[in-house]
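Visitor: One structure follows; several queries about it will come next.
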Amino acid sequence: MKQHLTIENLIKEAQLFCINQSKFQHKELFGITDGKAVGTLIEQKFQAHLKAKYELTVGSSAKGIDLPSEDLLTDIKVTSNKQPQSSCPFRDAKQKIFGLGYNLLVFVYDKTDDPDSQTATLNFVSCSFVSKERTADFTTTSILNKMKSVEANEDDIISFLEGIKLPADEVTLKQIAEIILTSEIPIGYLTISNALQWRLQYGRIRDLKNDIPGIDKIISYNKPK
């Protein structure tokens with residue numbers, strides 16, 4: 001009988017997967033420059049890797065979360081080291097301040113094509129598990145915490161949220177300001193840009209050198225020589 005997949009095992013398997021895939025020569029990726037195509041293939045390979053060992057529920061792209069079970073609640077992101085970013089569904093303006101509401105498993109790769117063998121190699125330079133508490137925007141959460149420390153009031157908070165063009169109407173901004181003033185705001189480690197979908201950037205997580213509670217550096221970032 002297969003084991004039940006836990007977050008601890010997910011992190012362990014992600015490390016094994018990175019090590020093994022960094023040695024693998026992909027014929028189907030030779031000459032491919034579409035990051036989405038590379039990401040989709042690697043996500044599928046990782047899910048197949050997990051399914052071979054564990055019982056797990058895999059989500060659909062419509063739901064937006066790859067591992068949607070309550071005990072995992074993790075989305076898998078695969079992105080190029082040249083521009084480590086991806087998009088995710090916009091659900092609520094508060095996500096930029098309080099996090100996406102689910103964990104992220106972020107794979108960052110360098111892709112090299114070999115003309116002789118007509119294959120591509122993906123060197124995974126970084127892999128991180130980011131708990132949902134750390135999936136908010138770094139600058140926004142940092143500034144809001146600073147504002148709270150100097151006793152900013154509701155009007156100050158609303159003015160700031162308007163200044164960063166948080167996608168919310170006047171009534172919603174007031175509600176968000178009230179929550180901000182009465183709730184703890186963990187510092188997020190993503191860069192989140194406003195769009196029809198959130199644009200998530202992972203450079204800060206990739207480059208982390210210090211241990212941050214809620215972020216597991218599975219594979220540490222190493223610039224290629």
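Ligands are numbered from 1 in the order shown, chains are lettered A, B, ... in the order of the structure tokens, and residues start at 1 in each chain.
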Residues within 10 Å of stretch 149-156 of chain A, please, as a CSV table (one decimal) with C-alpha atoms, in the first residue's frame. Count only C-alpha atoms; anything in the same chain fewer than 4 positions from it doesn't count.
Guide:
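What ended up in around_19.csv:
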chain,number,residue,atom,x,y,z
A,143,ILE,CA,5.8,48.9,5.1
A,144,LEU,CA,2.5,48.0,6.7
A,145,ASN,CA,4.3,46.6,9.7
A,160,PHE,CA,-1.1,53.8,1.5
A,161,LEU,CA,-3.3,51.1,-0.1
A,162,GLU,CA,-4.6,53.6,-2.6
A,173,LEU,CA,-10.1,49.3,1.3
A,174,LYS,CA,-11.7,50.4,4.5
A,175,GLN,CA,-12.5,46.8,5.5
A,176,ILE,CA,-9.0,45.8,4.7
A,177,ALA,CA,-7.5,48.7,6.7
A,178,GLU,CA,-9.6,47.6,9.7
A,179,ILE,CA,-8.3,44.0,9.4
A,180,ILE,CA,-4.7,45.3,9.1
A,181,LEU,CA,-4.9,47.3,12.3
Visitor: If we count only C-alpha atoms and set the cut-off at 7 Å, which residues sit around stretch 71-80 of chain A, ignoring sequence neighbours fewer than 2 positions away in its own chain? Please answer as a list in words.
Guide: Thr6, Ile7, Gly35, Gly39, Glu43, Ile65, Asp66, Leu67, Pro68, Ser69, Lys82, Gln83, Pro84, Gln85, Ser86, Tyr102, Asn103, Leu104, Leu105, Val106, Phe107, Val108, Tyr109 and Asp110 of chain A
Visitor: Nearest residue to A:Leu166 out of A:Cys127, A:Cys88, A:Leu122, A:Ala93, using only C-alpha atoms?
Guide: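 Smallest distance to A:Leu166 is found for A:Ala93.
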Visitor: DSSP on the backbone, strand (DSSP E) only: what residues of stretch 43-210 of chain A does that give? Format it as a PyMOL selection string.
Guide: chain A and resi 54-55+74-80+85-89+103-114+119-130+191-193+197-201
Visitor: Give me the residues near stretch 89-91 of chain A as a VMD selection string, where near means some atom within 10 Å (using only C-alpha atoms) and where sequence neighbours in that chain fewer than 3 positions away do not count.
Guide: chain A and resid 62 to 65 94 to 96 100 to 101 167 194 to 199
Visitor: Point out the residue among A:Thr182, A:His49, A:Glu70, A:Tyr189 with the least atom-to-atom distance to A:Leu16, counting only C-alpha atoms.
Guide: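 Closest to A:Leu16 of all the choices is A:His49.
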Visitor: To test your reading of the structure, identify every residue in stretch 63-183 of chain A that backbone DSSP assigns to helix (DSSP H, G or I), and report it as a ChimeraX atom specification.
Guide: /A:95-98,132-134,138-149,154-163,170-182
Visitor: Please produce an output containing N, CA and C atoms for each residue in the selection, written as a CSV table (one decimal), in the first residue's frame.
Guide:
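That gives us again.csv:
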chain,number,residue,atom,x,y,z
A,95,GLN,N,-4.9,39.1,-0.6
A,95,GLN,CA,-3.8,38.1,-0.8
A,95,GLN,C,-2.5,38.8,-0.9
A,96,LYS,N,-2.4,40.0,-1.4
A,96,LYS,CA,-1.1,40.7,-1.4
A,96,LYS,C,-0.6,41.0,0.0
A,97,ILE,N,-1.5,41.1,0.9
A,97,ILE,CA,-1.1,41.5,2.3
A,97,ILE,C,-1.1,40.3,3.3
A,98,PHE,N,-2.0,39.4,3.1
A,98,PHE,CA,-2.1,38.2,4.0
A,98,PHE,C,-1.7,36.9,3.4
A,132,LYS,N,2.1,29.0,3.4
A,132,LYS,CA,1.1,30.1,3.0
A,132,LYS,C,1.3,31.4,3.8
A,133,GLU,N,1.8,31.3,5.0
A,133,GLU,CA,2.0,32.5,5.8
A,133,GLU,C,3.0,33.4,5.2
A,134,ARG,N,3.9,32.9,4.3
A,134,ARG,CA,5.0,33.7,3.7
A,134,ARG,C,4.7,34.1,2.3
A,138,PHE,N,6.4,41.2,-0.2
A,138,PHE,CA,7.5,41.6,0.8
A,138,PHE,C,7.4,43.1,1.1
A,139,THR,N,7.4,43.9,0.1
A,139,THR,CA,7.5,45.4,0.4
A,139,THR,C,6.2,45.8,1.1
A,140,THR,N,5.0,45.4,0.6
A,140,THR,CA,3.8,45.8,1.2
A,140,THR,C,3.7,45.4,2.6
A,141,THR,N,4.0,44.2,3.0
A,141,THR,CA,3.9,43.7,4.4
A,141,THR,C,4.9,44.4,5.2
A,142,SER,N,6.1,44.6,4.7
A,142,SER,CA,7.2,45.3,5.5
A,142,SER,C,6.7,46.7,5.8
A,143,ILE,N,6.2,47.5,4.8
A,143,ILE,CA,5.8,48.9,5.1
A,143,ILE,C,4.6,48.9,6.0
A,144,LEU,N,3.6,48.0,5.8
A,144,LEU,CA,2.5,48.0,6.7
A,144,LEU,C,2.9,47.8,8.2
A,145,ASN,N,3.8,46.9,8.4
A,145,ASN,CA,4.3,46.6,9.7
A,145,ASN,C,5.0,47.8,10.3
A,146,LYS,N,5.8,48.5,9.5
A,146,LYS,CA,6.4,49.7,9.9
A,146,LYS,C,5.4,50.8,10.3
A,147,MET,N,4.4,50.9,9.5
A,147,MET,CA,3.3,51.9,9.7
A,147,MET,C,2.6,51.6,11.0
A,148,LYS,N,2.3,50.3,11.3
A,148,LYS,CA,1.7,50.0,12.5
A,148,LYS,C,2.5,50.3,13.7
A,149,SER,N,3.9,50.1,13.6
A,149,SER,CA,4.8,50.3,14.7
A,149,SER,C,4.8,51.8,15.1
A,154,GLU,N,-6.3,54.4,10.5
A,154,GLU,CA,-7.1,53.8,9.4
A,154,GLU,C,-6.9,54.7,8.1
A,155,ASP,N,-7.0,56.0,8.3
A,155,ASP,CA,-6.8,56.8,7.1
A,155,ASP,C,-5.4,56.7,6.5
A,156,ASP,N,-4.4,56.6,7.4
A,156,ASP,CA,-3.0,56.4,6.9
A,156,ASP,C,-2.9,55.1,6.0
A,157,ILE,N,-3.5,54.0,6.6
A,157,ILE,CA,-3.5,52.7,5.9
A,157,ILE,C,-4.2,52.8,4.6
A,158,ILE,N,-5.4,53.4,4.6
A,158,ILE,CA,-6.1,53.5,3.3
A,158,ILE,C,-5.4,54.3,2.3
A,159,SER,N,-4.7,55.4,2.7
A,159,SER,CA,-4.0,56.2,1.8
A,159,SER,C,-2.8,55.4,1.2
A,160,PHE,N,-2.2,54.6,2.0
A,160,PHE,CA,-1.1,53.8,1.5
A,160,PHE,C,-1.6,52.7,0.5
A,161,LEU,N,-2.7,52.1,0.8
A,161,LEU,CA,-3.3,51.1,-0.1
A,161,LEU,C,-3.7,51.7,-1.4
A,162,GLU,N,-4.2,52.9,-1.4
A,162,GLU,CA,-4.6,53.6,-2.6
A,162,GLU,C,-3.3,53.9,-3.4
A,163,GLY,N,-2.3,54.3,-2.7
A,163,GLY,CA,-1.0,54.7,-3.3
A,163,GLY,C,-0.4,53.5,-4.1
A,170,GLU,N,-13.5,51.5,-2.6
A,170,GLU,CA,-13.3,52.3,-1.4
A,170,GLU,C,-13.8,51.5,-0.1
A,171,VAL,N,-15.0,50.9,-0.3
A,171,VAL,CA,-15.5,50.2,0.9
A,171,VAL,C,-14.6,49.0,1.3
A,172,THR,N,-14.1,48.3,0.3
A,172,THR,CA,-13.2,47.1,0.5
A,172,THR,C,-11.9,47.6,1.2
A,173,LEU,N,-11.4,48.7,0.7
A,173,LEU,CA,-10.1,49.3,1.3
A,173,LEU,C,-10.3,49.6,2.8
A,174,LYS,N,-11.5,50.1,3.1
A,174,LYS,CA,-11.7,50.4,4.5
A,174,LYS,C,-11.8,49.2,5.3
A,175,GLN,N,-12.4,48.1,4.8
A,175,GLN,CA,-12.5,46.8,5.5
A,175,GLN,C,-11.1,46.2,5.7
A,176,ILE,N,-10.3,46.3,4.6
A,176,ILE,CA,-9.0,45.8,4.7
A,176,ILE,C,-8.1,46.5,5.7
A,177,ALA,N,-8.3,47.8,5.7
A,177,ALA,CA,-7.5,48.7,6.7
A,177,ALA,C,-7.9,48.3,8.1
A,178,GLU,N,-9.2,48.0,8.4
A,178,GLU,CA,-9.6,47.6,9.7
A,178,GLU,C,-8.9,46.3,10.1
A,179,ILE,N,-8.9,45.3,9.2
A,179,ILE,CA,-8.3,44.0,9.4
A,179,ILE,C,-6.8,44.2,9.7
A,180,ILE,N,-6.1,45.0,8.9
A,180,ILE,CA,-4.7,45.3,9.1
A,180,ILE,C,-4.4,45.8,10.5
A,181,LEU,N,-5.2,46.7,11.0
A,181,LEU,CA,-4.9,47.3,12.3
A,181,LEU,C,-5.2,46.4,13.4
A,182,THR,N,-6.0,45.3,13.2
A,182,THR,CA,-6.3,44.4,14.3
A,182,THR,C,-5.7,43.0,14.1
Visitor: I need the residue nearest A:Ser126 from this list: A:Lys165, A:Lys217, A:Lys36, A:Lys53. Use only C-alpha atoms for the distance.
Guide: A:Lys217
Visitor: Could you state the separation of atom CA of A:Phe30 and atom CA of A:Asp114 in Å, given to one decimal place?
Guide: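 Separation of atom CA of A:Phe30 and atom CA of A:Asp114: 7.7 Å.
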